Amino acid sequence: MSLTKNITHQQARYLPLVQRLLSDNPLFAGCRETTRVALLQAAQVRTVGKSERVSTCGQAVECLCLVLSGSLEVSSLSATGKRYVCWYLGPGQAYGWIPLIDRKGAIHDVRAHADSLLLELPRQPFMAAAAADPALMEAIMMAFCERSRTIHEALAAGALLNLSGRVADMLLRLLDSFGQADATGARIGLKLSQEEFADMLGVTRQSLNRELKLLEAEGLISLAYSHIRVHDRAALQRLARLD
């Protein structure tokens, strides 16, 4: 594949990473090769520094944004300044589906949680590729179904579980997205402060800390600076069960 004018000479060094993402990502893995070529030709690579704003709630979204490296924080802010972190997006994950399609503006604020590299796919060529390639359209529908299931499961957990169960459920979700297995269990690779974790649950840092310390005392997890290691996934699953 050749780079187009949208990707500068400096950005050309990212081409192997971009090609690998388009080939391995479930969204694009089943696409025709011509579809991936067309998307690459329309794409732009963007670097963002830690804490840099990527998108603002209500802002028009003109590109589907895929994380190549680093991570993005997706959050909402109330009128009183209370922040709720909806999720963190890591490599291979995408942002901007809904506003890209319905054109009603971004639902959340998005900023770089760490220095990140993004691939931006403009709306018009992306929608044209989806219309022309049934495999891409099916992958988009499957991605929406998966996201809808995740949202409903998270809502049920928030409404039906006690705080201990909610913490266990969130640890499992983070482990599924950012887990790095090793001999003693699995480490959540996303660097996350307890304040940021608390903002994902809508609780105080002190309340979260108490629950994490209890889980650590029971040997289910261990805590380190901005990282959590899970030693007993099955026990967390039992805590997070809704029945």
# chains A, B, ... in the order shown; residues from 1 in each chain; ligands from 1
$ residues_around --residues "segment 142-147 of chain A" --least-positions-apart "5" --cutoff "10 Å" --atoms "only C-alpha atoms" --output "compact mmCIF listing (two decimals) with C-alpha atoms, in the first residue's frame"
# COMPACT_ATOMS: atom_id res chain seq x y z
CA PRO A 26 -12.37 -7.45 14.07
CA LEU A 27 -14.00 -4.45 12.44
CA ALA A 94 -12.79 3.02 18.32
CA TRP A 97 -19.63 5.69 16.15
CA ILE A 98 -22.93 7.29 17.13
CA LEU A 136 -17.65 -4.11 6.93
CA MET A 137 -21.34 -3.31 7.39
CA HIS A 152 -26.91 -2.95 29.48
CA GLU A 153 -24.73 -5.26 31.59
$ select_by_dssp --residues "segment 44-160 of chain A" --states "strand (DSSP E or B)" --output "JSON, numbers by chain"
{"A": [44, 45, 46, 47, 48, 53, 54, 55, 63, 64, 65, 66, 67, 68, 69, 72, 73, 74, 75, 76, 77, 83, 84, 85, 86, 87, 88, 89, 94, 95, 109, 110, 111, 112, 116, 117, 118, 119, 120, 121, 122]}
$ write_last_selection --atoms "C-alpha atoms" --output "CSV table (one decimal), in the first residue's frame"
chain,number,residue,atom,x,y,z
A,44,GLN,CA,-5.0,10.6,8.9
A,45,VAL,CA,-2.6,9.7,11.7
A,46,ARG,CA,-2.8,12.1,14.7
A,47,THR,CA,-0.6,12.2,17.8
A,48,VAL,CA,-2.1,13.6,21.0
A,53,ARG,CA,-8.6,17.1,24.4
A,54,VAL,CA,-9.7,15.0,21.5
A,55,SER,CA,-13.4,15.8,21.4
A,63,CYS,CA,-14.0,11.0,11.8
A,64,LEU,CA,-14.1,7.6,13.3
A,65,CYS,CA,-11.2,7.5,15.7
A,66,LEU,CA,-9.2,4.3,16.3
A,67,VAL,CA,-6.6,4.1,19.0
A,68,LEU,CA,-3.3,2.8,17.7
A,69,SER,CA,-1.3,3.2,20.9
A,72,LEU,CA,-8.3,7.8,25.7
A,73,GLU,CA,-10.6,8.7,28.6
A,74,VAL,CA,-14.3,9.0,27.7
A,75,SER,CA,-16.1,11.1,30.3
A,76,SER,CA,-19.1,13.3,31.2
A,77,LEU,CA,-19.1,16.4,33.3
A,83,ARG,CA,-17.0,14.0,36.6
A,84,TYR,CA,-18.1,10.5,35.5
A,85,VAL,CA,-15.6,8.4,33.6
A,86,CYS,CA,-17.6,6.2,31.2
A,87,TRP,CA,-14.6,4.1,30.0
A,88,TYR,CA,-11.0,4.1,28.7
A,89,LEU,CA,-10.2,3.1,25.2
A,94,ALA,CA,-12.8,3.0,18.3
A,95,TYR,CA,-14.5,6.2,19.3
A,109,ASP,CA,-15.8,14.5,26.3
A,110,VAL,CA,-12.7,12.6,25.2
A,111,ARG,CA,-9.1,13.4,26.2
A,112,ALA,CA,-5.8,11.5,26.0
A,116,SER,CA,-1.5,8.4,22.2
A,117,LEU,CA,-1.5,7.7,18.5
A,118,LEU,CA,-4.8,7.9,16.7
A,119,LEU,CA,-6.0,6.9,13.3
A,120,GLU,CA,-8.8,9.1,12.0
A,121,LEU,CA,-11.1,7.8,9.3
A,122,PRO,CA,-13.2,10.6,7.7
$ atom_distance --atom1 "atom CA of Leu39 of chain A" --atom2 "atom CA of Pro125 of chain A"
6.9 Å
$ select_by_dssp --residues "segment 25-240 of chain A" --states "alpha helix (DSSP H)" --output "PyMOL selection string"
chain A and resi 33-42+97-102+123-132+134-160+163-178+194-201+205-217+233-239
$ residues_around --residues "Ser226 of chain A" --least-positions-apart "4" --cutoff "10 Å" --atoms "only C-alpha atoms" --output "ChimeraX atom specification"
/A:188-197
$ write_last_selection --atoms "C-alpha atoms" --output "tab-separated table (two decimals), in the first residue's frame"
chain	number	residue	atom	x	y	z
A	188	ILE	CA	-4.47	-4.48	34.49
A	189	GLY	CA	-2.13	-2.69	32.13
A	190	LEU	CA	-4.03	0.60	32.14
A	191	LYS	CA	-2.39	3.08	34.51
A	192	LEU	CA	-5.27	4.20	36.70
A	193	SER	CA	-5.33	6.22	39.90
A	194	GLN	CA	-7.88	5.37	42.59
A	195	GLU	CA	-9.53	8.73	41.98
A	196	GLU	CA	-9.96	7.85	38.29
A	197	PHE	CA	-11.26	4.39	39.20
$ closest_residue --among "A:Ala29, A:Leu236, A:Ile101, A:Ala79" --to "Leu175 of chain A" --atoms "only C-alpha atoms"
A:Leu236
$ closest_residue --among "A:Thr184, A:Asn162, A:Thr34, A:Gln93" --to "Asp133 of chain A" --atoms "only C-alpha atoms"
A:Thr34
$ residues_around --residues "Ser23 of chain A" --least-positions-apart "2" --cutoff "12 Å" --atoms "only C-alpha atoms" --output "count of residues only"
22
$ residues_around --residues "Asp102 of chain A" --least-positions-apart "6" --cutoff "12 Å" --atoms "only C-alpha atoms" --output "list in words"
Ala60, Val61, Glu62, Gly96, Arg123 and Met127 of chain A
$ residues_around --residues "Glu211 of chain A" --least-positions-apart "3" --cutoff "12 Å" --atoms "only C-alpha atoms" --output "list in words"
Asn162, Leu163, Ser164, Gly165, Arg166, Val167, Ala168, Leu171, Gln194, Phe197, Ala198, Val203, Thr204, Arg205, Gln206, Ser207, Leu208, Leu214, Leu215, Glu216, Ala217, Glu218, Leu220, Ile221, Leu223 and Leu239 of chain A
$ residues_around --residues "Ala183 of chain A" --least-positions-apart "2" --cutoff "12 Å" --atoms "only C-alpha atoms" --output "JSON, numbers by chain"
{"A": [180, 181, 185, 186, 187, 229, 230, 231]}
$ atom_distance --atom1 "atom CA of Gln59 of chain A" --atom2 "atom CA of His108 of chain A"
9.2 Å
$ closest_residue --among "A:Gln41, A:Thr56, A:Ser78, A:Ser51" --to "Gly202 of chain A" --atoms "only C-alpha atoms"
A:Ser78
$ decode --residues "segment 27-132 of chain A" --atoms "C-alpha atoms" --output "CSV table (one decimal), in the first residue's frame"
chain,number,residue,atom,x,y,z
A,27,LEU,CA,-14.0,-4.5,12.4
A,28,PHE,CA,-11.8,-4.6,9.4
A,29,ALA,CA,-10.4,-8.2,9.4
A,30,GLY,CA,-13.1,-9.6,7.1
A,31,CYS,CA,-13.1,-6.6,4.7
A,32,ARG,CA,-12.0,-6.8,1.1
A,33,GLU,CA,-8.4,-5.8,0.7
A,34,THR,CA,-9.6,-3.0,-1.6
A,35,THR,CA,-11.7,-1.7,1.3
A,36,ARG,CA,-8.7,-1.5,3.6
A,37,VAL,CA,-6.7,0.2,0.9
A,38,ALA,CA,-9.4,2.8,0.4
A,39,LEU,CA,-9.7,3.5,4.1
A,40,LEU,CA,-6.0,3.8,4.5
A,41,GLN,CA,-5.8,6.3,1.6
A,42,ALA,CA,-8.4,8.4,3.3
A,43,ALA,CA,-7.0,8.1,6.9
A,44,GLN,CA,-5.0,10.6,8.9
A,45,VAL,CA,-2.6,9.7,11.7
A,46,ARG,CA,-2.8,12.1,14.7
A,47,THR,CA,-0.6,12.2,17.8
A,48,VAL,CA,-2.1,13.6,21.0
A,49,GLY,CA,-0.2,14.3,24.3
A,50,LYS,CA,-1.4,13.2,27.7
A,51,SER,CA,-4.5,15.2,28.9
A,52,GLU,CA,-4.9,16.8,25.4
A,53,ARG,CA,-8.6,17.1,24.4
A,54,VAL,CA,-9.7,15.0,21.5
A,55,SER,CA,-13.4,15.8,21.4
A,56,THR,CA,-15.9,17.8,23.4
A,57,CYS,CA,-19.5,16.9,24.2
A,58,GLY,CA,-21.8,18.4,21.5
A,59,GLN,CA,-19.0,18.9,19.0
A,60,ALA,CA,-19.5,17.7,15.5
A,61,VAL,CA,-17.7,14.4,14.8
A,62,GLU,CA,-16.3,14.0,11.3
A,63,CYS,CA,-14.0,11.0,11.8
A,64,LEU,CA,-14.1,7.6,13.3
A,65,CYS,CA,-11.2,7.5,15.7
A,66,LEU,CA,-9.2,4.3,16.3
A,67,VAL,CA,-6.6,4.1,19.0
A,68,LEU,CA,-3.3,2.8,17.7
A,69,SER,CA,-1.3,3.2,20.9
A,70,GLY,CA,-1.9,4.9,24.3
A,71,SER,CA,-5.4,5.3,25.7
A,72,LEU,CA,-8.3,7.8,25.7
A,73,GLU,CA,-10.6,8.7,28.6
A,74,VAL,CA,-14.3,9.0,27.7
A,75,SER,CA,-16.1,11.1,30.3
A,76,SER,CA,-19.1,13.3,31.2
A,77,LEU,CA,-19.1,16.4,33.3
A,78,SER,CA,-22.2,17.7,35.2
A,79,ALA,CA,-23.2,21.3,35.6
A,80,THR,CA,-21.7,21.3,39.1
A,81,GLY,CA,-18.4,20.0,37.9
A,82,LYS,CA,-18.8,16.3,39.0
A,83,ARG,CA,-17.0,14.0,36.6
A,84,TYR,CA,-18.1,10.5,35.5
A,85,VAL,CA,-15.6,8.4,33.6
A,86,CYS,CA,-17.6,6.2,31.2
A,87,TRP,CA,-14.6,4.1,30.0
A,88,TYR,CA,-11.0,4.1,28.7
A,89,LEU,CA,-10.2,3.1,25.2
A,90,GLY,CA,-7.0,1.2,24.4
A,91,PRO,CA,-5.3,0.1,21.2
A,92,GLY,CA,-7.7,-1.2,18.6
A,93,GLN,CA,-10.7,0.4,20.1
A,94,ALA,CA,-12.8,3.0,18.3
A,95,TYR,CA,-14.5,6.2,19.3
A,96,GLY,CA,-17.2,8.3,17.6
A,97,TRP,CA,-19.6,5.7,16.1
A,98,ILE,CA,-22.9,7.3,17.1
A,99,PRO,CA,-22.2,11.0,16.3
A,100,LEU,CA,-20.5,10.0,13.1
A,101,ILE,CA,-23.7,8.2,12.0
A,102,ASP,CA,-26.5,10.4,13.4
A,103,ARG,CA,-24.6,13.7,13.1
A,104,LYS,CA,-26.0,15.0,16.4
A,105,GLY,CA,-22.7,15.8,18.0
A,106,ALA,CA,-20.4,14.0,20.4
A,107,ILE,CA,-22.0,12.4,23.5
A,108,HIS,CA,-19.0,12.6,25.7
A,109,ASP,CA,-15.8,14.5,26.3
A,110,VAL,CA,-12.7,12.6,25.2
A,111,ARG,CA,-9.1,13.4,26.2
A,112,ALA,CA,-5.8,11.5,26.0
A,113,HIS,CA,-5.3,9.5,29.2
A,114,ALA,CA,-1.7,9.0,28.0
A,115,ASP,CA,0.4,10.0,25.1
A,116,SER,CA,-1.5,8.4,22.2
A,117,LEU,CA,-1.5,7.7,18.5
A,118,LEU,CA,-4.8,7.9,16.7
A,119,LEU,CA,-6.0,6.9,13.3
A,120,GLU,CA,-8.8,9.1,12.0
A,121,LEU,CA,-11.1,7.8,9.3
A,122,PRO,CA,-13.2,10.6,7.7
A,123,ARG,CA,-17.0,10.0,7.7
A,124,GLN,CA,-17.6,10.1,3.9
A,125,PRO,CA,-15.1,7.5,2.8
A,126,PHE,CA,-15.9,5.4,5.8
A,127,MET,CA,-19.6,5.4,5.1
A,128,ALA,CA,-19.0,4.8,1.4
A,129,ALA,CA,-16.8,1.8,2.3
A,130,ALA,CA,-19.5,0.4,4.6
A,131,ALA,CA,-22.1,0.7,1.9
A,132,ALA,CA,-19.9,-1.0,-0.7
